[in-house]
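Chemist: Submitted below is the structure of interest, expressed as structure tokens.
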Amino acid sequence: MAAAEGTTLRDLIEQGLRVSLESRRGRRPGFCLRDASFRGNGLQPGIKEGSWETIRDLIYQGRGA
């Protein structure tokens, strides 16, 4: 079929997947990520503009690192 339509097998498969997924779109509610935030006053002073190395060191402080 791909040769008859002058396209590649890959393009034909991708088109079929798109059609199949699009037809299923309305049947299932969309994914919603639960709210995993917590209460607090935000980042500690010195962390807001801190580097990843600083943050990593604070995470592992007192844990053998």
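Letters for chains follow the order of the structure tokens (A, B, ...), residue numbers begin at 1 for each chain, and ligand numbers begin at 1 in the order shown.
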Run DSSP on the backbone and give me the residues of chain A it puts in alpha helix (DSSP H), as a VMD selection string.
Modeler: chain A and resid 2 to 5 9 to 24 52 to 60
Chemist: Using Å and a single decimal, report how far CA of Ile55 (chain A) sits from CA of Asp35 (chain A).
Modeler: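 A separation of 23.0 Å between them.
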Chemist: What is the CA of Ile13 (chain A)-CA of Cys32 (chain A) distance in Å, reported with one decimal?
Modeler: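 Going from CA of Ile13 (chain A) over to CA of Cys32 (chain A) covers 28.7 Å.
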Chemist: Would you mind listing what lies within 12 Å of Ala2 (chain A) as an MDAnalysis selection string, with only C-alpha atoms counted and same-chain residues fewer than 5 positions away left out?
Modeler: chainID A and resid 7:16
Chemist: Please save N, CA and C atoms of the selected residues as a CSV table (one decimal), in the first residue's frame.
Modeler:
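As written to disk, again-v6.csv reads:
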chain,number,residue,atom,x,y,z
A,7,THR,N,4.6,6.5,-0.8
A,7,THR,CA,5.1,6.9,0.5
A,7,THR,C,5.9,5.8,1.2
A,8,THR,N,6.4,6.1,2.3
A,8,THR,CA,7.2,5.0,3.0
A,8,THR,C,6.3,4.3,4.0
A,9,LEU,N,6.7,3.1,4.3
A,9,LEU,CA,6.0,2.3,5.3
A,9,LEU,C,5.9,3.0,6.6
A,10,ARG,N,7.0,3.6,7.0
A,10,ARG,CA,7.0,4.4,8.3
A,10,ARG,C,5.9,5.5,8.3
A,11,ASP,N,5.8,6.3,7.2
A,11,ASP,CA,4.8,7.3,7.1
A,11,ASP,C,3.4,6.7,7.2
A,12,LEU,N,3.2,5.6,6.5
A,12,LEU,CA,1.9,5.0,6.5
A,12,LEU,C,1.5,4.5,7.9
A,13,ILE,N,2.5,3.9,8.7
A,13,ILE,CA,2.2,3.5,10.0
A,13,ILE,C,2.0,4.7,10.9
A,14,GLU,N,2.8,5.7,10.8
A,14,GLU,CA,2.5,6.9,11.6
A,14,GLU,C,1.2,7.5,11.4
A,15,GLN,N,0.8,7.6,10.1
A,15,GLN,CA,-0.6,8.1,9.8
A,15,GLN,C,-1.7,7.3,10.4
A,16,GLY,N,-1.5,6.0,10.4
A,16,GLY,CA,-2.5,5.1,11.0
A,16,GLY,C,-2.6,5.3,12.5
Chemist: Need to verify the contact set: Ile47 (chain A), 12 Å, only C-alpha atoms, exclusion of same-chain residues closer than 6 positions in sequence. Can you return it as a VMD selection string?
Modeler: chain A and resid 53 to 59
